[in-house]
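So this one's query.cif, mmCIF, C-alpha atoms:
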```cif
data_upload
loop_
_atom_site.label_atom_id
_atom_site.label_comp_id
_atom_site.auth_asym_id
_atom_site.auth_seq_id
_atom_site.Cartn_x
_atom_site.Cartn_y
_atom_site.Cartn_z
CA MET A 1 129.68 28.54 138.87
CA ALA A 2 127.33 31.49 139.21
CA LYS A 3 129.59 33.70 137.15
CA ARG A 4 129.78 31.21 134.31
CA MET A 5 126.01 30.86 134.27
CA ILE A 6 125.52 34.62 134.27
CA ASN A 7 127.91 35.16 131.38
CA SER A 8 126.15 32.45 129.42
CA ARG A 9 122.79 34.13 129.93
CA THR A 10 123.87 37.56 128.91
CA SER A 11 125.69 36.37 125.82
CA THR A 12 122.81 34.33 124.42
CA ALA A 13 119.96 36.76 125.03
CA SER A 14 118.27 37.88 121.85
CA LYS A 15 117.63 41.52 122.77
CA PRO A 16 120.30 44.23 122.44
CA ARG A 17 122.41 44.52 125.57
CA TRP A 18 121.22 48.04 126.38
CA ILE A 19 117.56 46.97 126.23
CA ARG A 20 118.24 43.75 128.17
CA ARG A 21 119.96 45.60 130.96
CA LEU A 22 117.73 48.62 131.41
CA ALA A 23 114.48 47.94 129.66
CA THR A 24 112.13 48.03 132.58
CA THR A 25 113.71 51.12 134.16
CA LEU A 26 112.54 53.09 131.15
CA VAL A 27 109.60 54.69 132.95
CA ALA A 28 111.84 56.24 135.57
CA GLY A 29 114.45 57.15 132.98
CA LEU A 30 111.87 58.88 130.83
CA LEU A 31 110.55 60.87 133.76
CA VAL A 32 114.03 61.98 134.79
CA VAL A 33 114.89 63.12 131.27
CA ALA A 34 111.53 64.87 130.96
CA SER A 35 111.94 66.65 134.29
CA LEU A 36 115.41 67.91 133.42
CA GLY A 37 114.46 68.80 129.86
CA ALA A 38 116.20 67.95 126.60
CA ALA A 39 118.62 70.25 124.82
CA PRO A 40 116.85 71.73 121.77
CA ALA A 41 118.38 71.28 118.34
CA THR A 42 120.07 74.35 116.86
CA ALA A 43 117.67 76.13 114.54
CA GLN A 44 120.21 76.88 111.82
CA ASN A 45 121.41 74.01 109.65
CA LEU A 46 118.69 71.83 111.19
CA PHE A 47 118.16 69.98 107.94
CA ALA A 48 121.73 70.07 106.69
CA PRO A 49 122.93 66.62 105.57
CA VAL A 50 125.30 64.78 107.87
CA LYS A 51 125.42 61.63 105.73
CA LYS A 52 124.14 60.36 102.40
CA ILE A 53 123.58 56.67 101.66
CA ASN A 54 122.88 55.82 98.03
CA GLY A 55 121.32 59.27 97.66
CA ARG A 56 119.23 59.02 100.85
CA VAL A 57 120.09 62.00 103.10
CA ILE A 58 120.35 61.78 106.90
CA THR A 59 119.87 65.28 108.35
CA ALA A 60 121.25 66.89 111.48
CA TYR A 61 117.69 66.95 112.81
CA GLU A 62 117.28 63.18 112.40
CA LEU A 63 120.61 62.62 114.10
CA SER A 64 119.79 64.88 117.07
CA GLN A 65 116.36 63.26 117.47
CA ARG A 66 117.81 59.75 117.47
CA MET A 67 120.48 60.76 119.98
CA ALA A 68 117.77 62.15 122.28
CA PHE A 69 115.78 58.93 121.88
CA LEU A 70 118.82 56.79 122.74
CA THR A 71 119.48 59.01 125.75
CA ILE A 72 116.02 58.22 127.08
CA LEU A 73 116.63 54.50 126.48
CA LYS A 74 119.91 54.82 128.39
CA ALA A 75 121.97 53.34 125.58
CA PRO A 76 125.62 53.10 126.65
CA GLY A 77 128.67 54.35 124.79
CA ASN A 78 129.05 57.16 122.26
CA LEU A 79 125.46 58.10 121.44
CA ARG A 80 126.38 60.07 118.32
CA GLU A 81 128.23 57.10 116.83
CA LEU A 82 125.44 54.69 117.80
CA ALA A 83 122.74 56.98 116.38
CA MET A 84 124.66 57.41 113.12
CA GLU A 85 125.20 53.67 112.82
CA GLN A 86 121.52 52.95 113.39
CA LEU A 87 120.35 55.58 110.90
CA THR A 88 122.83 54.30 108.30
CA ASN A 89 121.68 50.70 108.73
CA GLU A 90 118.03 51.73 108.59
CA ALA A 91 118.58 53.68 105.37
CA LEU A 92 120.06 50.56 103.76
CA GLN A 93 117.28 48.39 105.18
CA ARG A 94 114.56 50.71 103.84
CA GLN A 95 116.16 50.73 100.42
CA ALA A 96 116.23 46.91 100.47
CA ALA A 97 112.54 46.95 101.41
CA GLU A 98 111.72 49.25 98.49
CA ILE A 99 113.58 46.98 96.07
CA ALA A 100 111.70 43.95 97.46
CA ASP A 101 108.43 45.93 97.24
CA VAL A 102 107.86 45.43 100.98
CA LYS A 103 105.58 48.08 102.48
CA PRO A 104 104.49 47.62 106.11
CA THR A 105 100.86 48.51 106.70
CA ALA A 106 99.77 51.09 109.23
CA GLU A 107 98.38 48.24 111.35
CA GLU A 108 101.74 46.40 111.31
CA ILE A 109 103.63 49.53 112.33
CA LEU A 110 101.13 50.28 115.11
CA ALA A 111 101.47 46.70 116.39
CA GLY A 112 105.26 47.08 116.38
CA MET A 113 105.07 50.32 118.34
CA GLU A 114 102.72 48.80 120.90
CA GLU A 115 104.95 45.73 121.26
CA PHE A 116 107.96 47.99 121.89
CA THR A 117 106.27 50.14 124.52
CA ALA A 118 104.81 47.05 126.22
CA ARG A 119 108.37 46.01 127.11
CA PHE A 120 108.38 48.93 129.52
CA ASP A 121 104.83 48.45 130.86
CA LEU A 122 103.63 51.57 129.00
CA ASP A 123 100.85 52.00 126.49
CA LEU A 124 101.57 53.88 123.27
CA GLU A 125 99.84 57.10 124.32
CA ALA A 126 101.75 57.31 127.59
CA PHE A 127 105.05 56.59 125.84
CA ASN A 128 104.47 59.30 123.23
CA ASN A 129 103.41 61.81 125.88
CA ILE A 130 106.59 61.26 127.89
CA ILE A 131 109.01 61.41 124.96
CA ALA A 132 107.24 64.58 123.79
CA GLN A 133 108.21 66.20 127.10
CA ALA A 134 111.83 65.43 126.23
CA GLY A 135 111.47 67.17 122.84
CA ILE A 136 111.27 63.98 120.77
CA ALA A 137 108.79 63.95 117.90
CA PRO A 138 106.41 60.96 117.61
CA GLU A 139 107.68 60.49 114.04
CA THR A 140 111.13 59.69 115.47
CA PHE A 141 109.71 56.75 117.37
CA ARG A 142 107.54 55.69 114.44
CA ASP A 143 110.53 55.72 112.06
CA PHE A 144 112.58 53.75 114.59
CA VAL A 145 109.93 51.01 114.66
CA SER A 146 108.74 51.05 111.03
CA GLY A 147 112.25 50.48 109.69
CA GLY A 148 112.59 47.38 111.83
CA VAL A 149 109.18 46.09 110.76
CA ALA A 150 110.09 46.48 107.08
CA TRP A 151 113.49 44.85 107.52
CA ARG A 152 112.04 41.81 109.28
CA ALA A 153 109.59 41.41 106.41
CA VAL A 154 112.46 41.55 103.90
CA VAL A 155 114.42 38.93 105.82
CA ARG A 156 111.43 36.61 106.09
CA SER A 157 110.62 36.94 102.39
CA ARG A 158 114.20 36.12 101.35
CA TRP A 159 115.05 33.23 103.67
CA ALA A 160 112.13 31.98 105.78
CA GLY A 161 111.27 29.13 103.42
CA ARG A 162 114.88 28.08 102.97
CA ILE A 163 115.81 27.45 106.59
CA GLN A 164 115.62 23.81 107.62
CA VAL A 165 116.18 22.54 111.15
CA SER A 166 116.67 18.80 111.58
CA ASP A 167 115.31 16.64 114.39
CA ASP A 168 118.88 15.88 115.48
CA GLU A 169 119.58 19.59 115.88
CA VAL A 170 116.43 20.00 117.96
CA ASP A 171 117.44 17.02 120.13
CA ARG A 172 120.88 18.48 120.80
CA GLN A 173 119.49 21.89 121.70
CA LEU A 174 116.77 20.37 123.87
CA ALA A 175 119.39 18.51 125.88
CA LEU A 176 121.04 21.85 126.66
CA THR A 177 117.79 23.63 127.53
CA ARG A 178 116.82 23.09 131.14
CA PRO A 179 115.25 25.44 133.65
CA GLY A 180 117.98 27.68 134.99
CA ALA A 181 119.04 27.60 138.60
CA GLY A 182 117.95 30.46 140.81
CA VAL A 183 120.33 33.21 141.88
CA ARG A 184 120.59 35.06 145.15
CA VAL A 185 122.63 38.18 145.76
CA LEU A 186 124.23 39.98 148.68
CA LEU A 187 123.97 43.72 148.09
CA SER A 188 124.73 47.06 149.68
CA GLU A 189 122.69 50.17 148.92
CA ILE A 190 122.99 53.93 148.91
CA VAL A 191 119.83 56.04 148.57
CA LEU A 192 120.26 59.75 147.88
CA PRO A 193 117.53 62.39 148.31
CA ALA A 194 115.73 63.77 145.23
CA GLN A 195 112.70 65.67 146.48
CA THR A 196 113.42 68.82 144.44
CA PRO A 197 114.86 69.39 140.93
CA ALA A 198 118.06 70.73 142.52
CA GLN A 199 118.39 67.66 144.74
CA LEU A 200 117.66 65.40 141.79
CA GLN A 201 120.42 66.94 139.73
CA ALA A 202 122.94 66.84 142.58
CA SER A 203 122.05 63.27 143.56
CA ASN A 204 122.24 62.05 139.97
CA ALA A 205 125.75 63.47 139.68
CA ARG A 206 126.83 61.97 143.01
CA ALA A 207 125.24 58.60 142.21
CA SER A 208 127.12 58.51 138.90
CA GLU A 209 130.35 58.98 140.86
CA PHE A 210 129.39 56.14 143.20
CA SER A 211 128.77 53.91 140.15
CA GLU A 212 132.53 54.01 139.51
CA ILE A 213 133.36 52.52 142.94
CA THR A 214 134.92 49.04 142.80
CA THR A 215 135.79 48.32 146.45
CA LEU A 216 133.60 47.38 149.41
CA PRO A 217 135.21 49.79 151.93
CA ALA A 218 134.78 52.80 149.61
CA PHE A 219 131.09 52.05 149.08
CA ALA A 220 130.53 51.42 152.80
CA ALA A 221 132.11 54.78 153.66
CA ALA A 222 129.95 56.57 151.08
CA ALA A 223 126.83 54.86 152.45
CA ARG A 224 127.58 55.99 155.99
CA GLN A 225 128.21 59.56 154.86
CA TYR A 226 125.58 60.16 152.19
CA SER A 227 122.78 57.56 152.23
CA VAL A 228 119.37 58.53 153.63
CA ALA A 229 118.21 54.89 153.89
CA PRO A 230 118.03 53.24 157.33
CA SER A 231 120.73 50.82 156.12
CA ARG A 232 123.31 53.62 156.38
CA GLY A 233 123.86 52.51 159.99
CA ARG A 234 125.00 49.14 158.57
CA SER A 235 127.21 50.80 155.93
CA GLY A 236 124.45 50.15 153.41
CA ARG A 237 124.64 46.36 153.81
CA LEU A 238 121.53 44.28 153.06
CA GLN A 239 120.80 40.61 153.73
CA TRP A 240 120.87 37.84 151.09
CA MET A 241 117.87 38.03 148.73
CA ASP A 242 116.67 36.11 145.68
CA LEU A 243 117.42 38.02 142.51
CA SER A 244 113.88 37.28 141.29
CA ASN A 245 112.48 39.27 144.24
CA LEU A 246 113.91 42.45 142.76
CA PRO A 247 112.15 44.51 140.09
CA PRO A 248 113.28 43.22 136.68
CA ALA A 249 114.80 46.61 135.88
CA VAL A 250 117.01 46.45 138.96
CA ALA A 251 117.77 42.74 138.53
CA ALA A 252 118.92 43.42 134.97
CA GLN A 253 121.43 45.95 136.31
CA ILE A 254 122.54 43.77 139.21
CA LEU A 255 123.07 40.49 137.37
CA PRO A 256 126.09 41.50 135.23
CA LEU A 257 127.94 43.13 138.17
CA ALA A 258 131.17 41.61 139.46
CA PRO A 259 131.63 41.64 143.25
CA GLY A 260 132.61 45.13 144.36
CA HIS A 261 131.08 46.84 141.34
CA VAL A 262 128.13 49.22 141.50
CA SER A 263 124.96 49.63 139.43
CA ASP A 264 124.02 52.68 137.42
CA PRO A 265 121.80 55.19 139.25
CA ILE A 266 118.21 53.95 139.66
CA PRO A 267 115.41 56.51 140.21
CA VAL A 268 113.07 55.70 143.09
CA ARG A 269 110.39 57.77 144.83
CA ASN A 270 111.99 60.92 146.25
CA GLY A 271 115.44 59.51 145.65
CA ILE A 272 118.20 57.97 143.55
CA ALA A 273 119.58 54.54 144.48
CA VAL A 274 122.74 52.61 143.61
CA PHE A 275 123.56 49.03 144.59
CA GLN A 276 126.89 47.30 145.08
CA MET A 277 127.34 43.59 144.51
CA ARG A 278 129.05 41.98 147.50
CA ALA A 279 128.46 38.34 146.54
CA ILE A 280 126.35 36.21 144.20
CA GLU A 281 125.57 32.49 144.17
CA GLU A 282 123.27 29.94 142.61
CA THR A 283 120.50 28.23 144.57
CA ASP A 284 118.92 24.82 144.17
CA ALA A 285 115.50 26.30 143.42
CA PRO A 286 114.67 26.87 139.71
CA GLU A 287 114.51 30.44 138.54
CA PRO A 288 110.86 31.58 138.31
CA THR A 289 109.49 33.05 135.12
CA ASP A 290 107.57 35.65 137.12
CA VAL A 291 107.03 36.71 140.71
CA THR A 292 103.75 38.17 142.00
CA VAL A 293 103.68 40.11 145.26
CA ASP A 294 100.60 40.68 147.38
CA TYR A 295 101.20 43.73 149.56
CA ALA A 296 99.38 46.35 151.61
CA THR A 297 100.16 50.06 152.03
CA LEU A 298 98.88 52.19 154.88
CA GLN A 299 99.44 55.95 154.62
CA LEU A 300 100.04 57.46 158.08
CA PRO A 301 99.86 61.30 158.29
CA GLY A 302 102.86 63.03 159.80
CA GLY A 303 105.73 61.81 157.61
CA ARG A 304 108.75 60.51 159.51
CA SER A 305 107.89 62.30 162.74
CA GLU A 306 108.51 60.52 166.05
CA ALA A 307 104.77 60.37 166.71
CA THR A 308 104.02 58.73 163.34
CA LEU A 309 106.90 56.24 163.65
CA SER A 310 105.63 55.36 167.13
CA GLU A 311 102.12 54.79 165.76
CA ALA A 312 103.58 52.58 162.99
CA ALA A 313 105.44 50.52 165.59
CA LYS A 314 102.23 49.95 167.55
CA ILE A 315 100.40 48.80 164.41
CA ARG A 316 103.29 46.50 163.48
CA ALA A 317 103.17 44.90 166.95
CA ARG A 318 99.47 44.06 166.50
CA ALA A 319 99.43 43.00 162.83
CA ASP A 320 100.59 39.48 161.99
CA THR A 321 99.00 39.47 158.53
CA CYS A 322 97.73 42.01 156.02
CA ASN A 323 94.15 41.08 156.91
CA ASP A 324 94.81 42.31 160.46
CA LEU A 325 95.46 45.82 159.23
CA PHE A 326 91.86 46.41 158.20
CA GLY A 327 90.62 45.54 161.67
CA ILE A 328 93.30 47.60 163.44
CA VAL A 329 92.88 50.88 161.57
CA GLY A 330 89.10 50.67 161.28
CA ASP A 331 87.09 52.69 158.77
CA VAL A 332 89.57 54.76 156.76
CA PRO A 333 89.35 56.12 153.18
CA PRO A 334 90.27 53.49 150.54
CA GLU A 335 93.21 55.58 149.36
CA GLN A 336 94.76 55.45 152.84
CA LEU A 337 94.78 51.65 153.13
CA GLN A 338 95.22 49.62 149.96
CA ARG A 339 96.06 46.04 149.14
CA GLU A 340 97.26 44.90 145.70
CA ALA A 341 98.62 41.74 144.10
CA LEU A 342 100.82 42.57 141.10
CA PRO A 343 103.65 41.06 139.06
CA ILE A 344 106.89 42.44 140.44
CA ALA A 345 107.49 44.33 137.18
CA GLN A 346 104.32 46.39 137.77
CA VAL A 347 105.04 47.32 141.38
CA PRO A 348 106.44 50.86 141.84
CA THR A 349 110.21 50.58 142.05
CA SER A 350 110.52 52.07 145.53
CA TYR A 351 107.91 49.64 146.88
CA ALA A 352 109.40 46.69 145.01
CA LEU A 353 112.88 47.33 146.43
CA GLU A 354 111.52 47.38 149.98
CA LEU A 355 109.33 44.30 149.42
CA ALA A 356 112.38 42.40 148.11
CA LYS A 357 113.90 42.69 151.59
CA LEU A 358 110.81 41.36 153.39
CA ASP A 359 109.45 37.93 154.24
CA GLU A 360 105.71 37.27 154.44
CA GLY A 361 104.12 39.30 157.23
CA GLU A 362 107.09 41.66 157.62
CA VAL A 363 106.83 45.45 157.43
CA SER A 364 108.90 48.35 156.11
CA THR A 365 108.51 51.94 157.29
CA ASN A 366 111.42 53.30 155.24
CA LEU A 367 109.29 55.17 152.70
CA THR A 368 107.15 58.27 152.64
CA SER A 369 104.56 59.47 150.14
CA ALA A 370 105.69 61.56 147.17
CA SER A 371 104.89 64.74 149.11
CA GLY A 372 106.65 63.48 152.23
CA GLN A 373 103.53 64.23 154.31
CA ASN A 374 102.66 60.56 154.95
CA LEU A 375 104.67 57.63 156.26
CA VAL A 376 104.14 54.51 154.15
CA PHE A 377 103.50 51.43 156.26
CA LEU A 378 104.37 48.72 153.70
CA MET A 379 103.56 45.07 154.49
CA LEU A 380 104.29 41.96 152.40
CA CYS A 381 101.21 39.73 152.43
CA SER A 382 102.58 36.94 150.23
CA ARG A 383 104.91 36.23 147.33
CA THR A 384 104.13 33.64 144.63
CA ARG A 385 106.45 32.34 141.93
CA ASP A 386 105.56 31.04 138.48
CA LEU A 387 108.03 28.26 137.68
CA PRO A 388 109.26 27.61 134.11
CA GLU A 389 107.40 25.09 132.02
CA GLU A 390 109.00 22.38 129.93
CA VAL A 391 110.32 23.71 126.64
CA SER A 392 108.61 22.15 123.62
CA ARG A 393 110.31 20.87 120.49
CA GLU A 394 108.44 23.49 118.46
CA ASP A 395 109.81 26.25 120.68
CA ILE A 396 113.34 24.97 120.17
CA LYS A 397 112.86 24.66 116.43
CA LEU A 398 111.53 28.20 116.18
CA GLN A 399 114.44 29.48 118.27
CA LEU A 400 116.99 27.84 115.96
CA GLN A 401 115.22 29.15 112.87
CA ASN A 402 115.22 32.69 114.26
CA GLN A 403 118.92 32.45 115.09
CA ARG A 404 119.70 31.48 111.50
CA LEU A 405 117.45 34.18 110.10
CA GLN A 406 119.34 36.72 112.20
CA SER A 407 122.65 35.39 110.89
CA PHE A 408 121.47 35.72 107.28
CA ALA A 409 120.10 39.19 107.98
CA ASN A 410 123.41 40.40 109.44
CA ALA A 411 125.35 39.04 106.48
CA TYR A 412 122.93 40.65 104.01
CA LEU A 413 123.22 44.03 105.76
CA ASP A 414 127.02 43.78 105.57
CA GLU A 415 126.71 43.14 101.82
CA LEU A 416 124.44 46.16 101.37
CA LYS A 417 126.84 48.35 103.32
CA ALA A 418 129.86 47.18 101.33
CA ALA A 419 128.10 47.92 98.03
CA ALA A 420 126.62 51.26 99.10
CA HIS A 421 127.82 54.70 98.02
CA ILE A 422 128.15 56.57 101.33
CA GLU A 423 129.08 60.25 101.73
CA ASP A 424 129.84 61.42 105.28
CA TYR A 425 129.56 65.17 105.94
CA SER A 426 129.65 65.00 109.74
CA GLY A 427 133.34 65.82 109.89
CA GLN A 428 133.05 68.90 107.73
#
```
What does the file become when written as structure tokens?
Amino acid sequence: MAKRMINSRTSTASKPRWIRRLATTLVAGLLVVASLGAAPATAQNLFAPVKKINGRVITAYELSQRMAFLTILKAPGNLRELAMEQLTNEALQRQAAEIADVKPTAEEILAGMEEFTARFDLDLEAFNNIIAQAGIAPETFRDFVSGGVAWRAVVRSRWAGRIQVSDDEVDRQLALTRPGAGVRVLLSEIVLPAQTPAQLQASNARASEFSEITTLPAFAAAARQYSVAPSRGRSGRLQWMDLSNLPPAVAAQILPLAPGHVSDPIPVRNGIAVFQMRAIEETDAPEPTDVTVDYATLQLPGGRSEATLSEAAKIRARADTCNDLFGIVGDVPPEQLQREALPIAQVPTSYALELAKLDEGEVSTNLTSASGQNLVFLMLCSRTRDLPEEVSREDIKLQLQNQRLQSFANAYLDELKAAAHIEDYSGQ
């Protein structure tokens, strides 16, 4: 039952699969790419044409920039083919916009860029700063967004007034639209060290190998041998947890996995993690639209030394709630003891993964600070869930209209492509 539900979700989502699956891991992905550096484009033939669409030239530079951008977004498959396909489609879409005299304003393009970066909990300035470190020009991102803005305007101008949705169609769709059941998962984990650039590179390579594992014994053996998480003593096995407790980026990777299969590498503080699906099942509780976690962090000097772990154990024995911590540790600098309540998507990934394993009042001492000098005493104060609201008829009607607009848009793009004069130089 759970598998059927999961397949239904992933097939009907409106976002591209690569964005659906990895969207909210973008921050970590960007930082990894930036830290490793991006391969610079070859100086010679930088602006040589690789393709021409109705006279509009796509250069080697544009192609290399788009491939670098897709690498940061962790798009799967052959990135050169995907980049070429996107640039070809966008050339046709821009030409259609010119014919329709559609010209997005600077404000519309800016709004589109901000909407895109907001998917990854980044503002526009931060996004541009990080892609710049990977050698990607801000114009590459702007072109990526502006083409989509123009195309949507073309589609709306051609068909928006001609799409009619009947009350009967809304009734039928409404009958199928109910709050989804919750999902819980049984996972195993491997966490590899990444405290230096050399470790990061080695652990990324090893984690990619682990991502190809498809059996439980093989993953368990790898966890016992390589994992630095405390769960290595249990062959990496974790307890059942609600999928909604996980960071959305991780949940998006976990949900499509078949039992035995392993996620792509996930950057966490001082490490790289992979997760194996052991089992998945539906629950009676409705799936929440958002989860907010209230948690406290206490930085204890000394890292993972025996003395610091002993001090953490004493504090844990005395603290039943997060409020107790402030009385136990006394007057300490605010940066040493902090309490925050955040949507799970905004919690640092390493914290969020530990909090997902905890019940209210429980503590994790599995993490250290970025420098490794402090042990992080992490306590879950509470977890609240926002449940889905009833879907309105207007929401359903808009959804059906958008689906039909997308269908018309795809057909129109196919027509443009069939009628286009395309010269491909990439094989020369």
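Shortest separation to Leu353 in chain A among A:Leu367, A:Ala220, A:Ala153, A:Leu398 occurs at residue A:Leu367, atoms counted being only C-alpha atoms.
In this model, the gap between CA of Ser227 in chain A and CA of Pro267 in chain A comes to 14.1 Å.
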Range 343-345 of chain A: which residues within 10 Å, counting only C-alpha atoms, same-chain residues fewer than 4 positions away excluded, as a short mmCIF file (atom, residue, chain, number, x, y, z; two decimals) with C-alpha atoms, in the frame of the given file?
```
data_model
loop_
_atom_site.label_atom_id
_atom_site.label_comp_id
_atom_site.auth_asym_id
_atom_site.auth_seq_id
_atom_site.Cartn_x
_atom_site.Cartn_y
_atom_site.Cartn_z
CA THR A 24 112.13 48.03 132.58
CA THR A 25 113.71 51.12 134.16
CA PHE A 120 108.38 48.93 129.52
CA ASP A 121 104.83 48.45 130.86
CA SER A 244 113.88 37.28 141.29
CA ASN A 245 112.48 39.27 144.24
CA LEU A 246 113.91 42.45 142.76
CA PRO A 247 112.15 44.51 140.09
CA PRO A 248 113.28 43.22 136.68
CA ALA A 249 114.80 46.61 135.88
CA VAL A 250 117.01 46.45 138.96
CA ASP A 290 107.57 35.65 137.12
CA VAL A 291 107.03 36.71 140.71
CA THR A 292 103.75 38.17 142.00
CA VAL A 293 103.68 40.11 145.26
CA ASP A 294 100.60 40.68 147.38
CA THR A 349 110.21 50.58 142.05
CA TYR A 351 107.91 49.64 146.88
CA ALA A 352 109.40 46.69 145.01
CA LEU A 353 112.88 47.33 146.43
CA LEU A 355 109.33 44.30 149.42
CA ALA A 356 112.38 42.40 148.11
CA ARG A 383 104.91 36.23 147.33
CA THR A 384 104.13 33.64 144.63
CA ARG A 385 106.45 32.34 141.93
#
```
Discussion item. Taking (118.2, 50.8, 97.3) in the coordinates of the supplied file, I want to know which residues reach to within 12 Å of it, counting all atoms listed in the file; could you give the answer as a PyMOL selection string?
Written reply: chain A and resi 53-56+89-101+413+416-417+419-421
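Taking CA of Phe219 in chain A as the reference point, CA of Val268 in chain A is found at 19.3 Å.
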Item to complete: Run the PyMOL selection byres ((chain A and resi 240-243) around 9) against the file shown and list the residues it catches, as a PyMOL selection string.
Response: chain A and resi 182-187+238-239+244-248+251+254-255+279-280+283+356-357
Answer key for the PyMOL selection byres ((chain A and resi 299) around 7), residues as a PDB file with C-alpha atoms, in the frame of the given file:
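Final file, selection-v4.pdb:
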```
ATOM      1  CA  THR A 297     100.160  50.060 152.030  1.00  0.00           C
ATOM      2  CA  LEU A 298      98.880  52.190 154.880  1.00  0.00           C
ATOM      3  CA  LEU A 300     100.040  57.460 158.080  1.00  0.00           C
ATOM      4  CA  PRO A 301      99.860  61.300 158.290  1.00  0.00           C
ATOM      5  CA  GLN A 336      94.760  55.450 152.840  1.00  0.00           C
ATOM      6  CA  LEU A 337      94.780  51.650 153.130  1.00  0.00           C
ATOM      7  CA  ASN A 374     102.660  60.560 154.950  1.00  0.00           C
ATOM      8  CA  LEU A 375     104.670  57.630 156.260  1.00  0.00           C
ATOM      9  CA  VAL A 376     104.140  54.510 154.150  1.00  0.00           C
ATOM     10  CA  PHE A 377     103.500  51.430 156.260  1.00  0.00           C
TER      11      PHE A 377
END
```
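Of the listed residues A:Val102, A:Val50, A:Met379, A:Ala194, the one whose atoms come nearest to Asp424 in chain A is A:Val50, with distances taken using all atoms listed in the file.
Applied to the file shown here, the PyMOL selection byres ((chain A and resi 124) around 12) selects Ile109, Leu110, Ala111, Gly112, Met113, Glu114, Glu115, Phe116, Thr117, Ala118, Arg119, Phe120, Asp121, Leu122, Asp123, Glu125, Ala126, Phe127, Asn128, Asn129, Ile130, Ile131, Pro138, Phe141 and Arg142 of chain A.
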Could the residues in this selection be saved with C-alpha atoms as a PDB file, keeping the file's coordinate frame?
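Output file result_11.pdb is given in full below:
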```
ATOM      1  CA  ILE A 109     103.630  49.530 112.330  1.00  0.00           C
ATOM      2  CA  LEU A 110     101.130  50.280 115.110  1.00  0.00           C
ATOM      3  CA  ALA A 111     101.470  46.700 116.390  1.00  0.00           C
ATOM      4  CA  GLY A 112     105.260  47.080 116.380  1.00  0.00           C
ATOM      5  CA  MET A 113     105.070  50.320 118.340  1.00  0.00           C
ATOM      6  CA  GLU A 114     102.720  48.800 120.900  1.00  0.00           C
ATOM      7  CA  GLU A 115     104.950  45.730 121.260  1.00  0.00           C
ATOM      8  CA  PHE A 116     107.960  47.990 121.890  1.00  0.00           C
ATOM      9  CA  THR A 117     106.270  50.140 124.520  1.00  0.00           C
ATOM     10  CA  ALA A 118     104.810  47.050 126.220  1.00  0.00           C
ATOM     11  CA  ARG A 119     108.370  46.010 127.110  1.00  0.00           C
ATOM     12  CA  PHE A 120     108.380  48.930 129.520  1.00  0.00           C
ATOM     13  CA  ASP A 121     104.830  48.450 130.860  1.00  0.00           C
ATOM     14  CA  LEU A 122     103.630  51.570 129.000  1.00  0.00           C
ATOM     15  CA  ASP A 123     100.850  52.000 126.490  1.00  0.00           C
ATOM     16  CA  GLU A 125      99.840  57.100 124.320  1.00  0.00           C
ATOM     17  CA  ALA A 126     101.750  57.310 127.590  1.00  0.00           C
ATOM     18  CA  PHE A 127     105.050  56.590 125.840  1.00  0.00           C
ATOM     19  CA  ASN A 128     104.470  59.300 123.230  1.00  0.00           C
ATOM     20  CA  ASN A 129     103.410  61.810 125.880  1.00  0.00           C
ATOM     21  CA  ILE A 130     106.590  61.260 127.890  1.00  0.00           C
ATOM     22  CA  ILE A 131     109.010  61.410 124.960  1.00  0.00           C
ATOM     23  CA  PRO A 138     106.410  60.960 117.610  1.00  0.00           C
ATOM     24  CA  PHE A 141     109.710  56.750 117.370  1.00  0.00           C
ATOM     25  CA  ARG A 142     107.540  55.690 114.440  1.00  0.00           C
TER      26      ARG A 142
END
```
Worksheet entry | Pick from A:Ile58, A:Pro259, A:Ala418, A:Ala411, whichever lies nearest to Glu281 in chain A using all atoms listed in the file |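 Looking only at the distances to Glu281 in chain A, the closest residue turns out to be A:Pro259.
Using all atoms listed in the file, the nearest neighbour of Asp395 in chain A within the list A:Val170, A:Ile422, A:Ala207, A:Ala319 is A:Val170.
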Worksheet item: What separation in Å, quoted to one decimal, exists between CA of Gln399 in chain A and CA of Glu108 in chain A?
Response: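 For CA of Gln399 in chain A relative to CA of Glu108 in chain A, the distance reads 22.3 Å.
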Selection: 10 Å around Thr321 in chain A, all atoms listed in the file, excl. self and same-chain fewer than 6 positions, as a short mmCIF file (atom, residue, chain, number, x, y, z; two decimals) with C-alpha atoms, keeping the file's coordinate frame:
```
data_model
loop_
_atom_site.label_atom_id
_atom_site.label_comp_id
_atom_site.auth_asym_id
_atom_site.auth_seq_id
_atom_site.Cartn_x
_atom_site.Cartn_y
_atom_site.Cartn_z
CA ALA A 296 99.38 46.35 151.61
CA GLU A 360 105.71 37.27 154.44
CA GLY A 361 104.12 39.30 157.23
CA GLU A 362 107.09 41.66 157.62
CA VAL A 363 106.83 45.45 157.43
CA MET A 379 103.56 45.07 154.49
CA LEU A 380 104.29 41.96 152.40
CA CYS A 381 101.21 39.73 152.43
CA SER A 382 102.58 36.94 150.23
#
```
Discussion item. Just want the 9 Å neighbourhood of Trp159 in chain A, counted on only C-alpha atoms, with same-chain residues fewer than 3 positions away dropped. Output as a list in words.
Written reply: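 The filter keeps Val154, Val155, Arg156, Arg162, Ile163, Leu405, Phe408 and Ala409 of chain A.
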Item to complete: Taking the point (122.1, 50.6, 140.9) as given in the file, collect each protein or nucleic acid residue that comes within 7 Å of it, counting only C-alpha atoms, and present the set as number ranges by chain.
Response: A: 250, 253, 262-266, 273-275
Discussion item. Could you check the closest approach to Thr365 in chain A for each of A:Val329, A:Ala229, A:Met277, A:Ala132 and tell me which residue wins, using only C-alpha atoms?
Written reply: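 Answer, going by the shortest atom-to-atom distance: A:Ala229.
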